[in-house]
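Novice: Structure file start.cif, mmCIF, C-alpha atoms, is pasted below:
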```cif
data_structure
#
loop_
_atom_site.label_atom_id
_atom_site.label_comp_id
_atom_site.auth_asym_id
_atom_site.auth_seq_id
_atom_site.Cartn_x
_atom_site.Cartn_y
_atom_site.Cartn_z
CA MET A 284 -3.84 -25.92 8.09
CA LYS A 285 -2.87 -22.97 10.29
CA LEU A 286 -5.18 -20.23 11.59
CA GLN A 287 -4.31 -16.57 11.07
CA VAL A 288 -6.06 -13.65 12.78
CA ALA A 289 -6.15 -10.46 10.68
CA MET A 290 -6.36 -7.43 12.96
CA ASP A 291 -8.07 -4.61 11.11
CA LEU A 292 -7.79 -2.40 14.15
CA LEU A 293 -6.18 1.02 14.37
CA SER A 294 -4.08 0.95 17.54
CA VAL A 295 -1.45 -1.31 19.07
CA ASP A 296 -3.32 -1.18 22.36
CA ASP A 297 -6.48 -2.56 20.76
CA ALA A 298 -4.41 -5.20 18.97
CA LEU A 299 -2.68 -6.31 22.16
CA SER A 300 -6.00 -6.37 23.98
CA LEU A 301 -7.48 -8.62 21.30
CA LEU A 302 -4.41 -10.87 21.29
CA SER A 303 -4.56 -11.34 25.05
CA ARG A 304 -7.83 -13.16 24.41
CA VAL A 305 -7.23 -14.98 21.11
CA ALA A 306 -3.49 -15.57 20.67
CA GLU A 307 -3.57 -19.06 22.17
CA TYR A 308 -5.87 -20.24 19.36
CA VAL A 309 -3.96 -18.79 16.38
CA ASP A 310 -0.68 -19.54 14.64
CA VAL A 311 -0.22 -16.35 12.65
CA ILE A 312 -0.83 -12.79 13.87
CA GLU A 313 -1.55 -10.30 11.09
CA LEU A 314 -1.20 -6.56 11.49
CA GLY A 315 -3.54 -5.07 8.87
CA THR A 316 -2.41 -2.40 6.44
CA PRO A 317 -4.41 0.40 8.13
CA LEU A 318 -2.85 -0.48 11.51
CA ILE A 319 0.68 -0.29 10.04
CA LYS A 320 -0.03 3.03 8.32
CA GLN A 321 -1.65 4.50 11.43
CA GLU A 322 0.96 3.40 13.96
CA GLY A 323 4.06 2.71 11.89
CA LEU A 324 6.22 -0.39 11.95
CA SER A 325 6.92 -0.03 15.67
CA ALA A 326 3.55 -1.80 15.98
CA VAL A 327 5.12 -4.91 14.45
CA THR A 328 8.05 -4.72 16.84
CA LYS A 329 5.78 -4.43 19.87
CA ILE A 330 3.61 -7.36 18.86
CA LYS A 331 6.55 -9.62 17.94
CA HIS A 332 8.09 -8.78 21.31
CA ALA A 333 4.87 -9.73 23.09
CA TYR A 334 4.39 -12.93 21.03
CA PRO A 335 7.87 -14.12 19.97
CA ASP A 336 6.70 -17.69 19.28
CA LYS A 337 3.94 -16.69 16.87
CA ILE A 338 4.39 -15.95 13.17
CA VAL A 339 3.98 -12.18 12.84
CA PHE A 340 2.55 -11.11 9.49
CA ALA A 341 2.94 -7.48 8.34
CA ASP A 342 0.34 -6.71 5.68
CA MET A 343 2.48 -4.10 3.94
CA LYS A 344 0.67 -4.44 0.58
CA THR A 345 3.86 -3.23 -1.08
CA MET A 346 3.41 -1.82 -4.60
CA ASP A 347 6.84 -0.24 -5.13
CA ALA A 348 10.29 -0.17 -3.53
CA GLY A 349 9.97 -3.89 -2.82
CA GLU A 350 13.40 -4.51 -1.39
CA LEU A 351 13.26 -1.41 0.83
CA GLU A 352 9.79 -2.08 2.20
CA ALA A 353 10.54 -5.76 2.84
CA GLU A 354 13.76 -4.79 4.64
CA MET A 355 11.79 -2.36 6.80
CA ALA A 356 9.20 -4.99 7.72
CA PHE A 357 11.71 -7.76 8.50
CA LYS A 358 13.94 -5.41 10.50
CA ALA A 359 10.88 -4.44 12.53
CA GLY A 360 10.33 -8.09 13.46
CA ALA A 361 7.92 -9.43 10.84
CA ASP A 362 8.24 -13.09 9.82
CA TYR A 363 5.96 -12.65 6.79
CA MET A 364 5.35 -9.47 4.76
CA THR A 365 3.05 -8.92 1.80
CA VAL A 366 3.67 -7.55 -1.66
CA LEU A 367 0.79 -6.93 -4.04
CA GLY A 368 0.44 -9.45 -6.85
CA VAL A 369 -0.43 -6.51 -9.13
CA ALA A 370 3.00 -4.98 -8.43
CA GLY A 371 5.70 -5.15 -11.07
CA ASP A 372 7.96 -8.18 -11.19
CA SER A 373 11.01 -6.15 -10.15
CA THR A 374 9.19 -5.02 -7.00
CA ILE A 375 8.36 -8.62 -6.08
CA ALA A 376 11.89 -9.79 -6.86
CA GLY A 377 13.27 -7.05 -4.62
CA ALA A 378 11.12 -8.17 -1.71
CA VAL A 379 12.15 -11.80 -2.25
CA LYS A 380 15.81 -10.73 -2.19
CA ALA A 381 15.30 -9.13 1.23
CA ALA A 382 13.42 -12.20 2.50
CA LYS A 383 16.26 -14.53 1.50
CA LYS A 384 18.76 -12.28 3.26
CA HIS A 385 16.73 -12.37 6.49
CA GLY A 386 15.49 -15.97 6.23
CA LYS A 387 11.91 -14.70 6.17
CA THR A 388 8.92 -15.07 3.85
CA VAL A 389 7.28 -12.90 1.20
CA VAL A 390 3.55 -13.41 0.75
CA ALA A 391 2.00 -12.19 -2.51
CA ASP A 392 -1.52 -10.85 -2.02
CA ILE A 393 -3.50 -11.39 -5.22
CA ILE A 394 -6.15 -8.76 -4.41
CA GLY A 395 -7.08 -7.03 -7.66
CA VAL A 396 -5.36 -9.59 -9.92
CA LYS A 397 -7.57 -10.39 -12.90
CA ASP A 398 -6.09 -13.71 -14.13
CA LYS A 399 -5.32 -15.32 -10.78
CA ALA A 400 -4.10 -18.69 -12.08
CA ALA A 401 -1.57 -17.17 -14.50
CA ARG A 402 -0.23 -14.68 -11.96
CA VAL A 403 0.13 -17.34 -9.25
CA LYS A 404 2.48 -19.28 -11.56
CA GLU A 405 4.56 -16.15 -12.17
CA LEU A 406 4.66 -15.35 -8.46
CA LYS A 407 5.94 -18.83 -7.70
CA ALA A 408 8.69 -18.40 -10.30
CA LEU A 409 9.63 -15.05 -8.71
CA GLY A 410 10.25 -16.85 -5.42
CA VAL A 411 7.42 -15.82 -3.13
CA GLY A 412 6.84 -18.32 -0.32
CA LEU A 413 3.09 -18.11 -0.12
CA VAL A 414 0.22 -16.70 -2.13
CA GLU A 415 -2.68 -15.05 -0.33
CA LEU A 416 -5.91 -15.56 -2.24
CA HIS A 417 -7.66 -12.49 -0.95
CA ALA A 418 -10.86 -10.57 -1.45
CA GLY A 419 -10.55 -7.17 0.18
CA LEU A 420 -12.94 -5.59 2.66
CA ASP A 421 -14.42 -3.39 -0.08
CA GLU A 422 -14.91 -6.35 -2.44
CA GLN A 423 -16.56 -8.39 0.32
CA ALA A 424 -19.03 -5.54 0.83
CA GLU A 425 -20.11 -5.62 -2.84
CA SER A 426 -23.38 -7.40 -3.59
CA GLY A 427 -23.02 -10.92 -4.90
CA TYR A 428 -19.64 -11.56 -3.28
CA THR A 429 -18.83 -15.19 -2.49
CA ILE A 430 -15.63 -16.99 -1.53
CA ASP A 431 -16.01 -19.47 -4.41
CA SER A 432 -13.57 -17.87 -6.87
CA LEU A 433 -10.85 -17.88 -4.20
CA LEU A 434 -11.48 -21.55 -3.45
CA ALA A 435 -11.31 -22.34 -7.17
CA ALA A 436 -8.01 -20.45 -7.57
CA GLY A 437 -6.61 -22.38 -4.61
CA LYS A 438 -7.49 -25.75 -6.07
CA GLY A 439 -5.29 -24.97 -9.10
CA ALA A 440 -2.36 -23.46 -7.22
CA ASP A 441 1.02 -25.21 -7.23
CA ILE A 442 2.37 -23.24 -4.26
CA PRO A 443 1.30 -22.97 -0.60
CA PHE A 444 -1.59 -20.54 -0.28
CA SER A 445 -3.80 -18.84 2.27
CA ILE A 446 -7.38 -17.73 1.81
CA ALA A 447 -8.76 -14.47 3.18
CA GLY A 448 -12.18 -13.06 2.48
CA GLY A 449 -14.95 -13.51 4.95
CA ILE A 450 -13.96 -16.87 6.48
CA ASN A 451 -16.20 -17.97 9.37
CA VAL A 452 -17.02 -21.26 11.09
CA ASP A 453 -19.41 -22.24 8.30
CA ARG A 454 -16.79 -21.72 5.56
CA ILE A 455 -13.51 -22.79 7.14
CA GLY A 456 -14.13 -26.43 6.26
CA GLN A 457 -14.31 -25.57 2.56
CA VAL A 458 -11.04 -23.65 2.90
CA GLU A 459 -9.30 -26.69 4.35
CA ASP A 460 -10.85 -28.89 1.66
CA ALA A 461 -9.39 -26.57 -1.00
CA GLY A 462 -5.92 -27.30 0.37
CA ALA A 463 -5.09 -23.98 2.02
CA ALA A 464 -1.98 -23.82 4.20
CA ILE A 465 -3.50 -20.98 6.22
CA ALA A 466 -7.06 -19.78 6.80
CA VAL A 467 -7.27 -16.06 7.56
CA ALA A 468 -10.09 -14.82 9.78
CA GLY A 469 -10.63 -11.14 10.48
CA ALA A 470 -14.04 -9.79 11.46
CA ALA A 471 -15.16 -13.31 12.42
CA ILE A 472 -12.76 -12.96 15.35
CA TYR A 473 -12.25 -9.26 16.10
CA GLY A 474 -15.90 -8.43 15.38
CA ALA A 475 -17.29 -11.22 17.56
CA LYS A 476 -18.97 -10.53 20.90
CA ASP A 477 -16.62 -13.10 22.40
CA PRO A 478 -13.42 -13.11 20.32
CA ALA A 479 -11.81 -15.90 22.34
CA ALA A 480 -14.79 -18.20 21.81
CA ALA A 481 -14.88 -17.27 18.12
CA ALA A 482 -11.18 -18.02 17.66
CA LYS A 483 -11.49 -21.30 19.56
CA ALA A 484 -14.48 -22.33 17.43
CA LEU A 485 -12.53 -21.68 14.23
CA ARG A 486 -9.51 -23.54 15.60
CA ASP A 487 -11.66 -26.51 16.58
CA LYS A 488 -13.04 -26.76 13.03
CA ILE A 489 -9.58 -27.41 11.60
CA ARG A 490 -9.26 -31.18 11.16
CA ASN A 491 -5.52 -31.30 10.40
CA HIS A 492 -3.77 -28.57 12.26
CA GLY A 493 -0.21 -27.48 11.70
CA MET B 204 2.37 24.06 -12.97
CA LYS B 205 3.18 23.34 -9.33
CA LEU B 206 6.29 21.63 -7.96
CA GLN B 207 5.99 18.66 -5.58
CA VAL B 208 8.84 17.18 -3.57
CA ALA B 209 8.50 13.44 -2.94
CA MET B 210 10.36 12.50 0.23
CA ASP B 211 11.44 8.87 0.00
CA LEU B 212 13.11 9.11 3.39
CA LEU B 213 12.48 6.95 6.43
CA SER B 214 12.24 9.36 9.35
CA VAL B 215 10.33 12.54 10.18
CA ASP B 216 13.55 14.12 11.38
CA ASP B 217 15.20 13.59 8.01
CA ALA B 218 12.07 14.89 6.27
CA LEU B 219 11.93 18.04 8.40
CA SER B 220 15.65 18.57 7.85
CA LEU B 221 15.19 18.37 4.08
CA LEU B 222 12.15 20.65 4.18
CA SER B 223 14.03 23.30 6.13
CA ARG B 224 16.15 23.69 3.01
CA VAL B 225 13.69 23.14 0.16
CA ALA B 226 10.17 24.02 1.33
CA GLU B 227 10.33 27.59 0.05
CA TYR B 228 10.67 26.32 -3.53
CA VAL B 229 7.88 23.72 -3.54
CA ASP B 230 4.09 23.84 -3.45
CA VAL B 231 3.32 20.25 -2.47
CA ILE B 232 5.10 18.19 0.19
CA GLU B 233 4.82 14.43 -0.33
CA LEU B 234 5.41 11.88 2.41
CA GLY B 235 6.41 8.71 0.57
CA THR B 236 4.76 5.37 1.29
CA PRO B 237 7.81 3.90 3.09
CA LEU B 238 7.97 6.95 5.38
CA ILE B 239 4.29 6.58 6.31
CA LYS B 240 4.67 2.84 6.97
CA GLN B 241 7.85 3.34 9.00
CA GLU B 242 6.65 6.24 11.15
CA GLY B 243 2.87 6.06 10.96
CA LEU B 244 0.48 8.88 10.14
CA SER B 245 1.77 11.03 13.00
CA ALA B 246 4.45 11.94 10.44
CA VAL B 247 1.78 13.66 8.34
CA THR B 248 0.50 15.56 11.37
CA LYS B 249 3.97 16.77 12.29
CA ILE B 250 4.77 17.98 8.79
CA LYS B 251 1.40 19.69 8.26
CA HIS B 252 1.89 21.41 11.60
CA ALA B 253 5.33 22.63 10.52
CA TYR B 254 4.13 23.72 7.05
CA PRO B 255 0.44 24.62 7.37
CA ASP B 256 0.41 26.69 4.16
CA LYS B 257 1.78 23.92 1.95
CA ILE B 258 -0.28 21.16 0.36
CA VAL B 259 0.61 17.99 2.28
CA PHE B 260 0.40 14.84 0.20
CA ALA B 261 0.17 11.44 1.92
CA ASP B 262 1.24 8.71 -0.50
CA MET B 263 -0.95 6.04 1.09
CA LYS B 264 -1.13 3.88 -2.08
CA THR B 265 -4.42 2.51 -0.78
CA MET B 266 -5.50 -0.82 -2.28
CA ASP B 267 -8.40 -1.71 0.05
CA ALA B 268 -10.54 -0.12 2.77
CA GLY B 269 -10.61 3.08 0.74
CA GLU B 270 -12.94 5.10 2.92
CA LEU B 271 -11.16 4.09 6.14
CA GLU B 272 -7.65 4.80 4.86
CA ALA B 273 -8.67 8.14 3.34
CA GLU B 274 -10.35 9.13 6.61
CA MET B 275 -7.16 8.24 8.49
CA ALA B 276 -4.99 10.33 6.16
CA PHE B 277 -7.26 13.38 6.15
CA LYS B 278 -7.75 13.26 9.91
CA ALA B 279 -3.96 13.20 10.28
CA GLY B 280 -3.73 16.45 8.31
CA ALA B 281 -3.22 15.40 4.70
CA ASP B 282 -4.66 17.61 1.95
CA TYR B 283 -4.13 14.98 -0.75
CA MET B 284 -4.01 11.19 -0.32
CA THR B 285 -3.40 8.50 -2.92
CA VAL B 286 -5.35 5.42 -3.90
CA LEU B 287 -3.96 2.94 -6.38
CA GLY B 288 -5.51 3.06 -9.84
CA VAL B 289 -5.33 -0.76 -9.84
CA ALA B 290 -7.63 -0.86 -6.79
CA GLY B 291 -11.25 -1.87 -7.19
CA ASP B 292 -13.79 0.81 -8.04
CA SER B 293 -15.51 0.48 -4.64
CA THR B 294 -12.20 1.22 -2.90
CA ILE B 295 -11.71 4.37 -4.97
CA ALA B 296 -15.33 5.46 -4.46
CA GLY B 297 -14.89 5.01 -0.69
CA ALA B 298 -11.84 7.26 -0.67
CA VAL B 299 -13.66 9.89 -2.74
CA LYS B 300 -16.55 9.80 -0.26
CA ALA B 301 -14.15 10.61 2.59
CA ALA B 302 -12.50 13.38 0.55
CA LYS B 303 -15.84 15.07 -0.12
CA LYS B 304 -16.68 14.92 3.58
CA HIS B 305 -13.40 16.59 4.51
CA GLY B 306 -13.14 18.96 1.51
CA LYS B 307 -9.89 17.28 0.51
CA THR B 308 -8.54 15.56 -2.61
CA VAL B 309 -8.03 11.96 -3.69
CA VAL B 310 -5.18 11.36 -6.11
CA ALA B 311 -5.23 8.12 -8.11
CA ASP B 312 -1.74 6.74 -8.71
CA ILE B 313 -1.71 4.81 -11.99
CA ILE B 314 1.43 2.80 -11.14
CA GLY B 315 0.96 -0.71 -12.52
CA VAL B 316 -2.09 0.17 -14.64
CA LYS B 317 -1.83 -1.50 -18.05
CA ASP B 318 -4.29 0.55 -20.14
CA LYS B 319 -3.62 3.99 -18.70
CA ALA B 320 -5.93 5.99 -21.00
CA ALA B 321 -8.98 3.81 -20.29
CA ARG B 322 -8.40 3.73 -16.55
CA VAL B 323 -7.88 7.51 -16.35
CA LYS B 324 -11.38 8.00 -17.82
CA GLU B 325 -12.86 5.63 -15.24
CA LEU B 326 -10.99 7.34 -12.41
CA LYS B 327 -12.37 10.72 -13.49
CA ALA B 328 -15.89 9.27 -13.47
CA LEU B 329 -15.28 7.89 -9.96
CA GLY B 330 -14.55 11.42 -8.76
CA VAL B 331 -10.83 11.52 -8.10
CA GLY B 332 -9.42 15.05 -8.19
CA LEU B 333 -6.09 14.31 -9.78
CA VAL B 334 -4.37 11.45 -11.55
CA GLU B 335 -0.71 10.76 -10.85
CA LEU B 336 1.01 9.35 -13.92
CA HIS B 337 3.71 7.49 -12.08
CA ALA B 338 6.55 5.12 -12.76
CA GLY B 339 7.72 3.61 -9.48
CA LEU B 340 11.26 3.47 -8.16
CA ASP B 341 11.58 -0.17 -9.19
CA GLU B 342 10.30 0.53 -12.72
CA GLN B 343 12.67 3.48 -13.11
CA ALA B 344 15.56 1.16 -12.22
CA GLU B 345 14.66 -1.26 -15.04
CA SER B 346 16.75 -1.00 -18.22
CA GLY B 347 15.13 0.96 -21.04
CA TYR B 348 12.94 3.10 -18.77
CA THR B 349 11.95 6.49 -20.15
CA ILE B 350 9.36 9.06 -19.10
CA ASP B 351 7.82 9.12 -22.60
CA SER B 352 4.84 6.82 -21.91
CA LEU B 353 3.83 9.00 -18.95
CA LEU B 354 4.04 12.14 -21.07
CA ALA B 355 1.93 10.45 -23.76
CA ALA B 356 -0.71 9.40 -21.23
CA GLY B 357 -0.84 12.97 -19.92
CA LYS B 358 -1.45 14.45 -23.35
CA GLY B 359 -4.64 12.39 -23.64
CA ALA B 360 -5.92 12.96 -20.10
CA ASP B 361 -9.13 14.95 -19.56
CA ILE B 362 -8.47 15.53 -15.84
CA PRO B 363 -5.71 17.39 -13.95
CA PHE B 364 -2.64 15.20 -13.67
CA SER B 365 0.79 15.05 -12.14
CA ILE B 366 3.83 13.25 -13.49
CA ALA B 367 6.29 11.35 -11.30
CA GLY B 368 9.12 9.20 -12.54
CA GLY B 369 12.62 10.54 -12.65
CA ILE B 370 11.89 14.24 -13.31
CA ASN B 371 15.00 16.43 -13.32
CA VAL B 372 15.93 19.86 -14.70
CA ASP B 373 16.40 18.43 -18.18
CA ARG B 374 12.95 16.83 -18.26
CA ILE B 375 10.72 19.24 -16.34
CA GLY B 376 10.14 21.38 -19.45
CA GLN B 377 8.64 18.38 -21.27
CA VAL B 378 6.38 17.73 -18.28
CA GLU B 379 5.04 21.28 -18.40
CA ASP B 380 4.63 21.02 -22.20
CA ALA B 381 2.52 17.87 -21.68
CA GLY B 382 0.10 19.94 -19.58
CA ALA B 383 0.83 18.58 -16.10
CA ALA B 384 -0.73 20.40 -13.15
CA ILE B 385 2.09 19.19 -10.90
CA ALA B 386 5.63 17.96 -11.53
CA VAL B 387 6.87 15.55 -8.87
CA ALA B 388 10.59 15.45 -8.11
CA GLY B 389 12.09 12.99 -5.67
CA ALA B 390 15.72 11.91 -5.91
CA ALA B 391 16.49 14.98 -8.05
CA ILE B 392 15.95 16.99 -4.86
CA TYR B 393 16.58 14.71 -1.86
CA GLY B 394 19.47 12.96 -3.56
CA ALA B 395 21.22 16.17 -4.64
CA LYS B 396 24.41 17.40 -2.96
CA ASP B 397 22.66 20.74 -2.49
CA PRO B 398 18.92 20.04 -2.22
CA ALA B 399 18.02 23.73 -1.92
CA ALA B 400 19.85 24.60 -5.13
CA ALA B 401 18.30 21.59 -6.86
CA ALA B 402 14.78 22.57 -5.79
CA LYS B 403 15.34 26.18 -6.82
CA ALA B 404 16.67 25.10 -10.24
CA LEU B 405 13.56 22.97 -10.83
CA ARG B 406 11.31 25.81 -9.66
CA ASP B 407 13.06 28.28 -11.95
CA LYS B 408 12.46 26.02 -14.96
CA ILE B 409 8.69 26.28 -14.54
CA ARG B 410 7.50 28.93 -16.99
CA ASN B 411 3.90 29.26 -15.73
CA HIS B 412 3.85 28.67 -12.02
CA GLY B 413 0.71 28.14 -9.95
#
```
Go ahead and render the structure in this file as structure tokens.
Specialist:
Amino acid sequence: MKLQVAMDLLSVDDALSLLSRVAEYVDVIELGTPLIKQEGLSAVTKIKHAYPDKIVFADMKTMDAGELEAEMAFKAGADYMTVLGVAGDSTIAGAVKAAKKHGKTVVADIIGVKDKAARVKELKALGVGLVELHAGLDEQAESGYTIDSLLAAGKGADIPFSIAGGINVDRIGQVEDAGAAIAVAGAAIYGAKDPAAAAKALRDKIRNHG
Amino acid sequence: MKLQVAMDLLSVDDALSLLSRVAEYVDVIELGTPLIKQEGLSAVTKIKHAYPDKIVFADMKTMDAGELEAEMAFKAGADYMTVLGVAGDSTIAGAVKAAKKHGKTVVADIIGVKDKAARVKELKALGVGLVELHAGLDEQAESGYTIDSLLAAGKGADIPFSIAGGINVDRIGQVEDAGAAIAVAGAAIYGAKDPAAAAKALRDKIRNHG
């Protein structure tokens, strides 16, 4: 399993500052949707330039104009870009077309998808490379939220998947047990008093890395 | 009914160039999602600065972190910002909270919503100011697409709504007949050989303007 840091920060400077402390412990660097909207895709270019050997993940959350938005993200330097699982099939197919052209990867974010198991099968057939089983920041803040439904959806998935939704050192073991290809940590790293120590602790909990 | 120009362009320079020709005929200036992602929210600031008397519409298509993304858009100078109707209720409520604080408007884009009539009622209850009945660029490109289902959804809506999905001079009369508060034209303006003439022709077709 790989470790991904999701940077829900609002400036490239803050992102680069965080990465200077945590990059050595992570495999995938995610620029969050608010960061991309605030700064534009030049943020992706700057971070890929600073960390060319890392997988750079642009959380575009594309809902329309799939081929165009995927082209934009890959041209900017992203290795992975996200489309929304709730988007129409033609939007997802358009993004996959751009990914094949560039030799890159489309990740389908299933945030907001009601029947996760059924949609994951369709997304696989549409050619996405990875499914992100994701509870958003707003959903995580709702009372009664747990990671269990994401873990359950992962156990039935027939495609590589990541899990994102409040992963910390106590939960990352369950995520690996569920078979995730990537564990995504956000606030557990960027919100920690010592982000480097937090990232290292998460990394050290992964039993089979890679 | 008001006229909105949707700018599915990828640079502020191109957007300002288009606006220099068409702004006098439109009420609402929309920065498309790809433009915001490419250039960042400074694009909104630049266009609001150039056209302070127009309603500036930031098509954020927010799916998560509703309060944060709405704050970002309004702080950048947007008068209207969009959340996705398929987003969770807490995301939409967060955006509405930010809109009330700033005295601005949240528009819910119903792209991808299956049961439009039911969701429109819920969106009204959540406090959005306007519902955008919207077929995306990818959906418009599918065979068999017509604007009829959007017009039908509008006729049953109990909240101000806009319609976006391939409006041209032949269709704008139907949009006004359906009771839309705003007609959104994209390619019919920016894709025209003479965008100024195209915008003026659309504007002239509106019988009751305002």
Novice: Residues of chain A within 8 Å of chain B, using only C-alpha atoms, as a PyMOL selection string?
Specialist: chain A and resi 317+319-325+343-344+346-349+351-352+355+369-371+373-374+395+419-422+425
Novice: One decimal, Å: what's the distance from atom CA of Ile375 of chain B over to atom CA of Val334 of chain B, could you say?
Specialist: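 Value for the atom CA of Ile375 of chain B-atom CA of Val334 of chain B distance: 17.6 Å.
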Novice: What separation in Å, quoted to one decimal, exists between atom CA of Val310 of chain B and atom CA of Leu222 of chain B?
Specialist: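 Computed distance, atom CA of Val310 of chain B to atom CA of Leu222 of chain B, equals 22.2 Å.
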Novice: Could you work out how far atom CA of Ser365 of chain B lies from atom CA of Leu333 of chain B, giving the answer in Å with one decimal?
Specialist: 7.3 Å
Novice: From the set A:Ala378, A:Phe444, A:Ala436, A:Ser300, which residue has the shortest atom-to-atom contact distance to Ala400 of chain A, counting all atoms listed in the file?
Specialist: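 Nearest candidate to Ala400 of chain A out of A:Ala378, A:Phe444, A:Ala436, A:Ser300: A:Ala436.
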Novice: Could you state which residues are captured by the PyMOL selection byres ((chain A and resi 458) around 10) in this file, as a PyMOL selection string?
Specialist: chain A and resi 284+430-431+433-434+437-438+445-447+450+454-457+459-467+489
Novice: Need the shell around Tyr393 of chain B: protein/DNA/RNA residues with any atom at most 10 Å away, counting only C-alpha atoms. Skip same-chain ones fewer than 5 positions apart. Format as a ChimeraX atom specification?
Specialist: /B:208-212,218,221-222,225,388,398-399,401-402
Novice: Taking C-alpha atoms for each residue, export the selection above as a CSV table (one decimal), keeping the file's coordinate frame.
Specialist:
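Heads up, here's the output in again.csv:
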```csv
chain,number,residue,atom,x,y,z
B,208,VAL,CA,8.8,17.2,-3.6
B,209,ALA,CA,8.5,13.4,-2.9
B,210,MET,CA,10.4,12.5,0.2
B,211,ASP,CA,11.4,8.9,0.0
B,212,LEU,CA,13.1,9.1,3.4
B,218,ALA,CA,12.1,14.9,6.3
B,221,LEU,CA,15.2,18.4,4.1
B,222,LEU,CA,12.2,20.6,4.2
B,225,VAL,CA,13.7,23.1,0.2
B,388,ALA,CA,10.6,15.4,-8.1
B,398,PRO,CA,18.9,20.0,-2.2
B,399,ALA,CA,18.0,23.7,-1.9
B,401,ALA,CA,18.3,21.6,-6.9
B,402,ALA,CA,14.8,22.6,-5.8
```
Novice: Find the residue from B:Ile232, B:Ile362, B:Ala355, B:Ala302 that sits nearest to Leu206 of chain B; use all atoms listed in the file when measuring.
Specialist: B:Ile232
Novice: At a cut-off of 12 Å, using all atoms listed in the file, what residues contact His385 of chain A? Leave out same-chain residues fewer than 2 positions from it and give the result as a PyMOL selection string.
Specialist: chain A and resi 350+353-364+378-383+387-389
Novice: Counting only C-alpha atoms, write as a PyMOL selection string all protein and nucleic acid residues lying at most 12 Å from (3.6, -14.6, 23.0) in the file's frame.
Specialist: chain A and resi 299+302-312+329-339
